[in-house]
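Trainee: This is the structure I want to talk about, given as structure tokens.
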Amino acid sequence: MATAGPYNVAAAAAPGMAKDEPTRPLAAGSPTVHPAATGGVAGDEEVVVATAKRWRSVQYLRKRRCFIWCCGCCATTVVLLGIAALVLALTVFKVKDPILTMNRVTLEGVDGDLVDGTAGHPVSVNATLNADISIENPNVASFAFARSETDFYYAGETVGVAYAPRGEVGAGRTVRMNVTLDVLADRISPNVNATGLIFGQDYDITSYTEITGRVSVLGIYKRDLDIKMNCSITLEVGAFTTVQSKSTNCVANVS
């Protein structure tokens, strides 16, 4: 029988010991800290933040550039419109003075009668005076005028007053008005004699016309006008002559 050597005893004991000891679980590996990995995450965050800031800066610059561009366009448009309005106001839309003209003055229905027993008034004259007046409007807008009045004088005395209704003159047009009045016989008779009435005689009369109105350009620019006209008229009156004005000289003033 073989004797157990020291190696055999150890070998025999080893299986027994392994069989009696409980099985131990494997130990979990301890976490390993990697400083390099942590530093990489922080760097990525910084890159992201820098990129966001750069993007916001670019957006701000774009918005600012767009705002400046819009403001520049608006300012340029306003300046151009102002220049255009100024040019039009000084040229096309400039309000010009209407032109008032006394075209002709005639007497109608001249009737002279001898007055018996009156040395101071040997002749009584009755007549109807007709004045042809025209208004020319050189503006690009219409000229509206109110009721006008024309006074006629002979030898410093008023011999008649004529009225014209209100009206309107279109742009670039001319309107003619006929005003008619009855001459005051008692004012003109002392200066008329029978010989002059039969063979013809010149009479110098004067007239004063005043017309007020307004020119409105596009309803924005309005100007009130007051037209005054003084005329010196020479009439040839006679039984055998045409009763009309020989000469007419007028001076008009617009304010």
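Within each chain, counting starts at residue 1; across the structure tokens, chains are named A, B, ... in the order shown, with ligands numbered 1 upward in that order.
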For Thr174 (chain A), please output as a list in words all residues within 10 Å (counting only C-alpha atoms; exclusion window: fewer than 3 positions along the same chain).
Mentor: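 The residues satisfying every condition are Pro98, Ile99, Leu100, Ser134, Ile135, Glu136, Asn137, Pro138, Glu168, Val169, Gly170 and Ala171 of chain A.
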Trainee: Excluding same-chain residues fewer than 4 positions from Phe145 (chain A), what lies within 12 Å of it counting only C-alpha atoms, as a PyMOL selection string?
Mentor: chain A and resi 98+135+137+149+164-170+175+210-216+223-227
Trainee: So how many Å separate CA of Thr101 (chain A) and CA of Ala252 (chain A), to one decimal?
Mentor: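 Going from CA of Thr101 (chain A) over to CA of Ala252 (chain A), I get 8.2 Å.
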